[in-house]
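Shown here: work_26.cif, mmCIF, C-alpha atoms and all ligand atoms.
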data_start
loop_
_atom_site.group_PDB
_atom_site.id
_atom_site.type_symbol
_atom_site.label_atom_id
_atom_site.label_comp_id
_atom_site.auth_asym_id
_atom_site.auth_seq_id
_atom_site.Cartn_x
_atom_site.Cartn_y
_atom_site.Cartn_z
ATOM 1 C CA MET L 27 66.849 52.371 22.712
ATOM 2 C CA VAL L 28 66.191 48.672 23.117
ATOM 3 C CA ASP L 29 68.587 46.684 25.275
ATOM 4 C CA VAL L 30 69.635 43.713 23.125
ATOM 5 C CA THR L 31 71.481 41.821 25.858
ATOM 6 C CA ARG L 32 68.801 39.133 25.807
ATOM 7 C CA VAL L 33 69.197 38.771 22.033
ATOM 8 C CA HIS L 34 72.831 37.855 22.540
ATOM 9 C CA GLU L 35 71.835 35.266 25.122
ATOM 10 C CA ILE L 36 69.241 33.832 22.733
ATOM 11 C CA LEU L 37 71.790 33.724 19.906
ATOM 12 C CA GLU L 38 74.234 31.939 22.151
ATOM 13 C CA ARG L 39 71.602 29.404 23.156
ATOM 14 C CA HIS L 40 70.966 28.578 19.494
ATOM 15 C CA GLY L 41 74.639 28.629 18.563
ATOM 16 C CA ALA L 42 73.935 31.695 16.352
ATOM 17 C CA ARG L 43 73.197 29.268 13.525
ATOM 18 C CA ARG L 44 71.364 30.701 10.551
ATOM 19 C CA GLU L 45 69.290 27.511 10.194
ATOM 20 C CA ARG L 46 67.935 28.329 13.674
ATOM 21 C CA MET L 47 66.798 31.786 12.538
ATOM 22 C CA ILE L 48 63.059 31.222 12.992
ATOM 23 C CA ALA L 49 63.561 29.700 16.440
ATOM 24 C CA ILE L 50 65.810 32.637 17.349
ATOM 25 C CA LEU L 51 63.216 35.148 16.148
ATOM 26 C CA LEU L 52 60.460 33.309 18.027
ATOM 27 C CA ASP L 53 62.474 33.504 21.247
ATOM 28 C CA CYS L 54 63.146 37.191 20.624
ATOM 29 C CA GLN L 55 59.454 37.817 19.989
ATOM 30 C CA GLU L 56 58.629 36.080 23.252
ATOM 31 C CA GLU L 57 61.215 38.147 25.082
ATOM 32 C CA TYR L 58 60.406 41.571 23.620
ATOM 33 C CA TYR L 59 56.735 40.941 22.689
ATOM 34 C CA HIS L 60 57.578 42.177 19.198
ATOM 35 C CA LEU L 61 60.660 42.468 16.974
ATOM 36 C CA PRO L 62 62.026 46.003 17.106
ATOM 37 C CA ARG L 63 64.621 47.040 14.544
ATOM 38 C CA GLU L 64 67.480 46.847 17.063
ATOM 39 C CA VAL L 65 66.628 43.211 17.733
ATOM 40 C CA LEU L 66 66.507 42.399 14.018
ATOM 41 C CA GLU L 67 69.869 44.094 13.549
ATOM 42 C CA ALA L 68 71.388 42.120 16.420
ATOM 43 C CA VAL L 69 70.017 38.855 14.981
ATOM 44 C CA SER L 70 71.297 39.780 11.516
ATOM 45 C CA ALA L 71 74.779 40.446 12.876
ATOM 46 C CA GLY L 72 74.682 37.358 15.082
ATOM 47 C CA VAL L 73 73.742 34.825 12.405
ATOM 48 C CA GLN L 74 75.537 36.745 9.658
ATOM 49 C CA VAL L 75 72.525 37.056 7.389
ATOM 50 C CA PRO L 76 71.684 40.375 5.671
ATOM 51 C CA LEU L 77 69.211 42.510 7.605
ATOM 52 C CA THR L 78 66.852 42.566 4.599
ATOM 53 C CA SER L 79 66.596 38.746 4.753
ATOM 54 C CA VAL L 80 65.866 38.811 8.484
ATOM 55 C CA ILE L 81 63.187 41.460 7.910
ATOM 56 C CA SER L 82 61.684 39.358 5.095
ATOM 57 C CA ILE L 83 61.294 36.418 7.449
ATOM 58 C CA ALA L 84 59.940 38.605 10.243
ATOM 59 C CA THR L 85 57.313 40.124 7.971
ATOM 60 C CA PHE L 86 56.380 36.850 6.226
ATOM 61 C CA PHE L 87 55.292 34.881 9.302
ATOM 62 C CA LYS L 88 52.182 35.950 11.180
ATOM 63 C CA ALA L 89 53.750 34.846 14.448
ATOM 64 C CA PHE L 90 56.040 37.862 14.300
ATOM 65 C CA SER L 91 55.187 41.502 14.779
ATOM 66 C CA LEU L 92 57.472 44.419 14.021
ATOM 67 C CA LYS L 93 55.424 46.816 16.086
ATOM 68 C CA PRO L 94 54.702 46.514 19.801
ATOM 69 C CA ILE L 95 51.674 44.335 20.499
ATOM 70 C CA GLY L 96 52.027 44.142 24.264
ATOM 71 C CA ARG L 97 52.711 41.218 26.490
ATOM 72 C CA TYR L 98 48.984 40.473 26.344
ATOM 73 C CA PRO L 99 47.729 41.387 22.878
ATOM 74 C CA ILE L 100 43.948 41.796 23.131
ATOM 75 C CA ARG L 101 42.031 41.111 19.944
ATOM 76 C CA VAL L 102 38.306 41.625 19.530
ATOM 77 C CA CYS L 103 36.716 39.347 16.954
ATOM 78 C CA ASN L 104 35.528 41.317 13.966
ATOM 79 C CA GLY L 105 33.457 38.503 12.410
ATOM 80 C CA THR L 106 29.770 38.884 11.637
ATOM 81 C CA ALA L 107 28.398 37.079 14.698
ATOM 82 C CA CYS L 108 30.637 39.008 17.072
ATOM 83 C CA ASN L 109 29.890 42.290 15.334
ATOM 84 C CA ILE L 110 26.157 41.720 15.714
ATOM 85 C CA ARG L 111 26.583 40.808 19.371
ATOM 86 C CA GLY L 112 28.481 43.906 20.384
ATOM 87 C CA GLY L 113 32.085 43.429 19.260
ATOM 88 C CA PRO L 114 32.483 47.117 18.322
ATOM 89 C CA LEU L 115 31.178 48.151 21.760
ATOM 90 C CA LEU L 116 33.765 45.876 23.355
ATOM 91 C CA VAL L 117 36.484 47.621 21.368
ATOM 92 C CA GLU L 118 35.252 50.961 22.727
ATOM 93 C CA ALA L 119 35.104 49.623 26.293
ATOM 94 C CA LEU L 120 38.655 48.291 26.002
ATOM 95 C CA GLU L 121 39.869 51.579 24.526
ATOM 96 C CA ARG L 122 38.434 53.360 27.563
ATOM 97 C CA GLU L 123 39.783 50.826 30.042
ATOM 98 C CA LEU L 124 43.284 50.742 28.566
ATOM 99 C CA ASN L 125 43.336 54.406 27.599
ATOM 100 C CA ILE L 126 44.557 53.599 24.088
ATOM 101 C CA ARG L 127 42.987 53.409 20.650
ATOM 102 C CA LYS L 128 42.613 50.303 18.536
ATOM 103 C CA GLY L 129 45.993 49.506 16.949
ATOM 104 C CA GLU L 130 47.939 50.921 19.889
ATOM 105 C CA THR L 131 49.814 49.441 22.842
ATOM 106 C CA THR L 132 49.742 50.651 26.441
ATOM 107 C CA GLN L 133 52.775 52.612 27.596
ATOM 108 C CA ASP L 134 53.888 49.837 29.925
ATOM 109 C CA ASN L 135 53.744 47.491 26.919
ATOM 110 C CA LEU L 136 51.423 45.106 28.734
ATOM 111 C CA PHE L 137 48.414 45.350 26.431
ATOM 112 C CA GLY L 138 47.915 45.882 22.744
ATOM 113 C CA LEU L 139 44.434 46.281 21.272
ATOM 114 C CA ASP L 140 43.224 45.305 17.840
ATOM 115 C CA THR L 141 40.577 43.315 16.016
ATOM 116 C CA LEU L 142 40.909 39.994 14.217
ATOM 117 C CA ASN L 143 38.850 37.895 11.846
ATOM 118 C CA CYS L 144 36.447 35.189 13.006
ATOM 119 C CA VAL L 145 38.233 32.834 15.355
ATOM 120 C CA GLY L 146 35.773 30.022 14.710
ATOM 121 C CA CYS L 147 33.740 29.929 17.894
ATOM 122 C CA CYS L 148 30.854 32.115 16.768
ATOM 123 C CA GLY L 149 28.490 30.428 19.228
ATOM 124 C CA LEU L 150 30.423 32.211 21.976
ATOM 125 C CA ALA L 151 30.093 35.664 20.397
ATOM 126 C CA PRO L 152 31.228 38.218 21.221
ATOM 127 C CA VAL L 153 34.706 36.772 21.493
ATOM 128 C CA ILE L 154 38.005 38.329 22.432
ATOM 129 C CA THR L 155 41.425 36.770 22.615
ATOM 130 C CA VAL L 156 44.109 37.769 25.081
ATOM 131 C CA GLY L 157 47.363 36.247 23.920
ATOM 132 C CA GLU L 158 46.551 32.546 23.549
ATOM 133 C CA ASP L 159 43.427 32.736 25.724
ATOM 134 C CA VAL L 160 39.964 32.874 24.185
ATOM 135 C CA HIS L 161 37.135 34.552 26.097
ATOM 136 C CA GLY L 162 33.566 34.094 24.917
ATOM 137 C CA LYS L 163 30.269 35.861 25.653
ATOM 138 C CA VAL L 164 32.237 38.794 26.967
ATOM 139 C CA LYS L 165 30.093 41.505 28.526
ATOM 140 C CA ILE L 166 31.086 45.162 28.509
ATOM 141 C CA GLY L 167 30.761 45.235 32.278
ATOM 142 C CA SER L 168 33.363 42.484 32.635
ATOM 143 C CA VAL L 169 36.073 44.335 30.698
ATOM 144 C CA PRO L 170 37.669 46.034 33.754
ATOM 145 C CA ARG L 171 37.803 42.706 35.613
ATOM 146 C CA LEU L 172 39.335 40.953 32.621
ATOM 147 C CA VAL L 173 42.067 43.572 32.264
ATOM 148 C CA LYS L 174 42.698 43.488 36.012
ATOM 149 C CA GLN L 175 43.050 39.706 35.869
ATOM 150 C CA TYR L 176 45.958 39.997 33.424
ATOM 151 C CA ARG L 177 47.532 42.897 35.290
ATOM 152 C CA SER L 178 47.477 40.732 38.420
ATOM 153 C CA LYS L 179 49.327 37.975 36.602
ATOM 154 C CA VAL L 180 52.179 40.365 35.927
ATOM 155 C CA GLN L 181 52.153 41.784 39.429
ATOM 156 C CA ALA L 182 52.612 38.236 40.681
ATOM 157 C CA GLU L 183 55.842 38.142 38.659
ATOM 158 C CA PRO L 184 57.596 41.475 39.335
ATOM 159 C CA GLY L 185 60.592 40.516 37.184
ATOM 160 C CA GLU L 186 58.279 40.088 34.222
ATOM 161 C CA GLU L 187 56.711 43.524 34.687
ATOM 162 C CA LYS L 188 60.126 45.140 34.735
ATOM 163 C CA ASN L 189 60.977 43.284 31.585
ATOM 164 C CA ALA L 190 57.801 44.430 29.854
ATOM 165 C CA GLN L 191 58.575 48.053 30.638
ATOM 166 C CA ASN L 192 62.127 47.852 29.394
ATOM 167 C CA VAL L 193 61.384 47.095 25.790
ATOM 168 C CA ASN L 194 60.272 50.591 24.743
HETATM 169 S S1 LIG S 1 32.392 35.849 14.354
HETATM 170 FE FE1 LIG S 1 33.518 35.959 16.194
HETATM 171 S S2 LIG S 1 34.108 33.910 16.529
HETATM 172 FE FE2 LIG S 1 33.134 33.862 14.615
#

The structure in this file should be written as structure tokens.
Amino acid sequence: MVDVTRVHEILERHGARRERMIAILLDCQEEYYHLPREVLEAVSAGVQVPLTSVISIATFFKAFSLKPIGRYPIRVCNGTACNIRGGPLLVEALERELNIRKGETTQDNLFGLDTLNCVGCCGLAPVITVGEDVHGKVKIGSVPRLVKQYRSKVQAEPGEEKNAQNVN
């Protein structure tokens, strides 16, 4: 069960105004790293808009995800240049390192793994993105270090780690 206390705080911050719906959902996404049903229900009740309308908005915009994507969603570029230069092998290396399959999220909700279409920097192939960060010319051997780098970020903020684990 998801604790929606933070949703109520977010609603309060935005005055629970329906015209602030997208901003409210963005803040919720940032807080929970995705928009679980309980959060959508709390937003629906808070702004007094039918749940189906809130779900429509949440599924329309790419910025929102209804399934867990992790605090650091990792995406391996699936474009031609990256495929030729080892993108699929990077997916396998990340699956091994994170102990999940493509399309899944780690149990602690820190990392999600998936592929994405060409991100437009083919000269840096193979490319992966971690949240907003873009990493180019990624070598299989550097995958453990890369993952560790993001784990360390969270360990530096213990409150954030606790938060990440609470959402599932
Ligand atoms: S194919 Fe990967 S960045 Fe273009």

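The space between atom CA of L:Gly96 and atom CA of L:Val33 spans 18.1 Å.
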
Review point. Just so the selection is clear, what residues does the PyMOL selection byres (((not hetatm)) within 12 of (chain S and resi 1)) cover here, as a VMD selection string?
Key: chain L and resid 101 to 114 141 to 155 160 to 164

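Distances to L:Leu61 were evaluated for L:Gly157, L:Pro94, L:Gly138, L:Gly129 using only C-alpha atoms, and the minimum falls at L:Pro94.
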
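Between atom CA of L:His34 and atom CA of L:Phe86 lies a distance of 23.2 Å.
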
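Distance-wise, atom CA of L:Arg177 and atom CA of L:Lys93 end up 21.1 Å apart.
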
Check your understanding: Any chance you could work out the residue set of the PyMOL selection byres (((chain L and resi 81) around 10) and not hetatm) here, as a ChimeraX atom specification?
Key -> /L:61,63,66-67,70,76-80,82-86,92

Practice item. Would you list the contacts of stretch 46-59 of chain L as a PyMOL selection string, taking every protein, DNA or RNA residue within 7 Å and counting only C-alpha atoms, but skipping same-chain residues closer than 3 positions in sequence? Key: chain L and resi 33+36-37+40+43+90+94-97+193

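Using all atoms listed in the file, the nearest neighbour of L:Pro99 within the list L:Leu136, L:Val69, L:Leu116, L:Leu124 is L:Leu136.
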
Exercise for review: Just say which residues the PyMOL selection byres (((chain L and resi 135) around 7) and not hetatm) picks in this file, as an NGL selection string.
Suggested key: :L and (96-97 or 131-134 or 136-137 or 190-191)

Point to revise | Surrounding residues of L:Lys128 excluding itself and chain neighbours under 6 positions, 7 Å, only C-alpha atoms, as a VMD selection string | key: chain L and resid 121 139 to 140

Revision key, fill the gap. One residue among L:Glu35, L:Arg44, L:His60, L:Ser91 is nearest to L:Gln74 when using all atoms listed in the file, and that residue is L:Arg44

Study note, to complete from the structure: In terms of all atoms listed in the file, the residue from L:Leu115, L:Val65, L:Ala89, L:Ile126 at minimal distance from L:Met27 is L:Val65

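Nearest-residue note for L:Ile100: choosing from L:Val75, L:Val156, L:Val180, L:Ala68, the minimum distance belongs to L:Val156, counting only C-alpha atoms.
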
Please return the centre and edge lengths, in Å to one decimal, of a box with edges along x, y and z that contains all listed atoms of stretch 90-108 of chain L, widened by 5 Å on every side, as JSON.
{"center_x": 42.9, "center_y": 41.9, "center_z": 19.1, "size_x": 39.1, "size_y": 19.7, "size_z": 24.9}

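Proximity ranking of L:Leu172, L:Ala42, L:Ala182, L:Val117 relative to L:Gly72 places L:Ala42 first, based on all atoms listed in the file.
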
What would the file be for stretch 34-149 of chain L if you keep C-alpha atoms and write it as a CSV table (one decimal), in the first residue's frame?
chain,number,residue,atom,x,y,z
L,34,HIS,CA,-1.7,15.6,0.4
L,35,GLU,CA,1.2,17.9,1.0
L,36,ILE,CA,1.6,18.4,-2.7
L,37,LEU,CA,-2.1,19.1,-3.1
L,38,GLU,CA,-1.9,21.6,-0.3
L,39,ARG,CA,1.1,23.4,-1.9
L,40,HIS,CA,-0.9,23.8,-5.2
L,41,GLY,CA,-4.1,24.8,-3.4
L,42,ALA,CA,-5.7,21.5,-4.8
L,43,ARG,CA,-6.7,23.5,-7.9
L,44,ARG,CA,-7.7,21.5,-10.9
L,45,GLU,CA,-5.9,23.9,-13.2
L,46,ARG,CA,-2.7,22.9,-11.4
L,47,MET,CA,-3.3,19.2,-12.2
L,48,ILE,CA,-0.3,18.7,-14.4
L,49,ALA,CA,2.0,20.4,-11.9
L,50,ILE,CA,0.5,18.3,-9.1
L,51,LEU,CA,1.1,15.1,-11.1
L,52,LEU,CA,4.6,16.2,-12.0
L,53,ASP,CA,5.4,16.7,-8.3
L,54,CYS,CA,3.9,13.4,-7.4
L,55,GLN,CA,5.9,11.7,-10.2
L,56,GLU,CA,9.0,13.2,-8.7
L,57,GLU,CA,8.1,12.1,-5.3
L,58,TYR,CA,7.1,8.5,-6.0
L,59,TYR,CA,9.1,8.0,-9.3
L,60,HIS,CA,5.9,6.9,-10.9
L,61,LEU,CA,2.1,7.4,-10.5
L,62,PRO,CA,0.7,4.4,-8.7
L,63,ARG,CA,-3.1,4.1,-8.6
L,64,GLU,CA,-3.4,5.2,-5.0
L,65,VAL,CA,-1.6,8.5,-5.9
L,66,LEU,CA,-4.0,9.0,-8.8
L,67,GLU,CA,-7.0,8.4,-6.6
L,68,ALA,CA,-5.7,10.8,-4.0
L,69,VAL,CA,-5.1,13.5,-6.7
L,70,SER,CA,-8.6,12.8,-8.1
L,71,ALA,CA,-10.2,13.2,-4.7
L,72,GLY,CA,-8.1,16.3,-3.9
L,73,VAL,CA,-8.8,18.3,-7.0
L,74,GLN,CA,-12.3,16.8,-7.4
L,75,VAL,CA,-11.8,15.6,-10.9
L,76,PRO,CA,-13.0,12.1,-11.9
L,77,LEU,CA,-10.3,9.4,-11.7
L,78,THR,CA,-10.7,8.5,-15.4
L,79,SER,CA,-9.8,12.1,-16.3
L,80,VAL,CA,-6.7,12.0,-14.1
L,81,ILE,CA,-5.7,8.7,-15.6
L,82,SER,CA,-6.2,10.1,-19.1
L,83,ILE,CA,-3.8,12.9,-18.3
L,84,ALA,CA,-1.3,10.6,-16.7
L,85,THR,CA,-1.3,8.3,-19.7
L,86,PHE,CA,-1.3,11.1,-22.3
L,87,PHE,CA,2.0,12.8,-21.3
L,88,LYS,CA,5.3,10.9,-21.7
L,89,ALA,CA,6.6,12.6,-18.6
L,90,PHE,CA,4.4,10.4,-16.5
L,91,SER,CA,4.6,6.7,-15.8
L,92,LEU,CA,2.0,4.5,-14.2
L,93,LYS,CA,4.4,1.7,-13.5
L,94,PRO,CA,7.6,2.0,-11.4
L,95,ILE,CA,10.6,3.2,-13.3
L,96,GLY,CA,12.9,3.7,-10.4
L,97,ARG,CA,14.5,6.8,-9.1
L,98,TYR,CA,17.2,6.4,-11.8
L,99,PRO,CA,15.5,5.0,-14.9
L,100,ILE,CA,18.2,3.5,-17.1
L,101,ARG,CA,17.5,3.5,-20.8
L,102,VAL,CA,19.8,1.9,-23.4
L,103,CYS,CA,19.5,3.5,-26.8
L,104,ASN,CA,17.9,1.1,-29.3
L,105,GLY,CA,18.8,3.1,-32.4
L,106,THR,CA,20.8,1.7,-35.3
L,107,ALA,CA,24.2,3.2,-34.4
L,108,CYS,CA,23.9,2.1,-30.8
L,109,ASN,CA,22.6,-1.4,-31.7
L,110,ILE,CA,25.6,-1.9,-34.0
L,111,ARG,CA,28.0,-0.7,-31.3
L,112,GLY,CA,26.8,-3.1,-28.6
L,113,GLY,CA,23.6,-1.6,-27.2
L,114,PRO,CA,22.0,-5.1,-26.8
L,115,LEU,CA,25.1,-6.3,-24.9
L,116,LEU,CA,24.8,-3.3,-22.6
L,117,VAL,CA,21.2,-4.3,-21.8
L,118,GLU,CA,22.4,-7.8,-20.9
L,119,ALA,CA,25.2,-6.4,-18.7
L,120,LEU,CA,22.8,-4.1,-16.9
L,121,GLU,CA,20.3,-6.9,-16.4
L,122,ARG,CA,23.1,-8.9,-14.8
L,123,GLU,CA,24.3,-6.0,-12.7
L,124,LEU,CA,20.9,-5.0,-11.5
L,125,ASN,CA,19.5,-8.5,-11.3
L,126,ILE,CA,16.4,-7.5,-13.2
L,127,ARG,CA,15.1,-8.0,-16.8
L,128,LYS,CA,14.5,-5.2,-19.3
L,129,GLY,CA,11.2,-3.5,-18.4
L,130,GLU,CA,11.6,-4.2,-14.7
L,131,THR,CA,12.6,-2.1,-11.7
L,132,THR,CA,14.9,-3.1,-8.8
L,133,GLN,CA,13.2,-4.1,-5.6
L,134,ASP,CA,14.5,-1.0,-3.8
L,135,ASN,CA,13.0,1.1,-6.6
L,136,LEU,CA,16.3,2.8,-7.4
L,137,PHE,CA,16.8,1.6,-10.9
L,138,GLY,CA,14.5,0.7,-13.8
L,139,LEU,CA,15.8,-0.7,-17.1
L,140,ASP,CA,14.5,-0.3,-20.5
L,141,THR,CA,15.4,0.8,-24.0
L,142,LEU,CA,14.6,4.0,-25.9
L,143,ASN,CA,14.7,5.3,-29.4
L,144,CYS,CA,17.7,7.2,-30.8
L,145,VAL,CA,18.5,10.1,-28.5
L,146,GLY,CA,20.3,12.0,-31.2
L,147,CYS,CA,23.9,11.7,-30.2
L,148,CYS,CA,24.8,8.7,-32.4
L,149,GLY,CA,28.4,9.7,-32.6
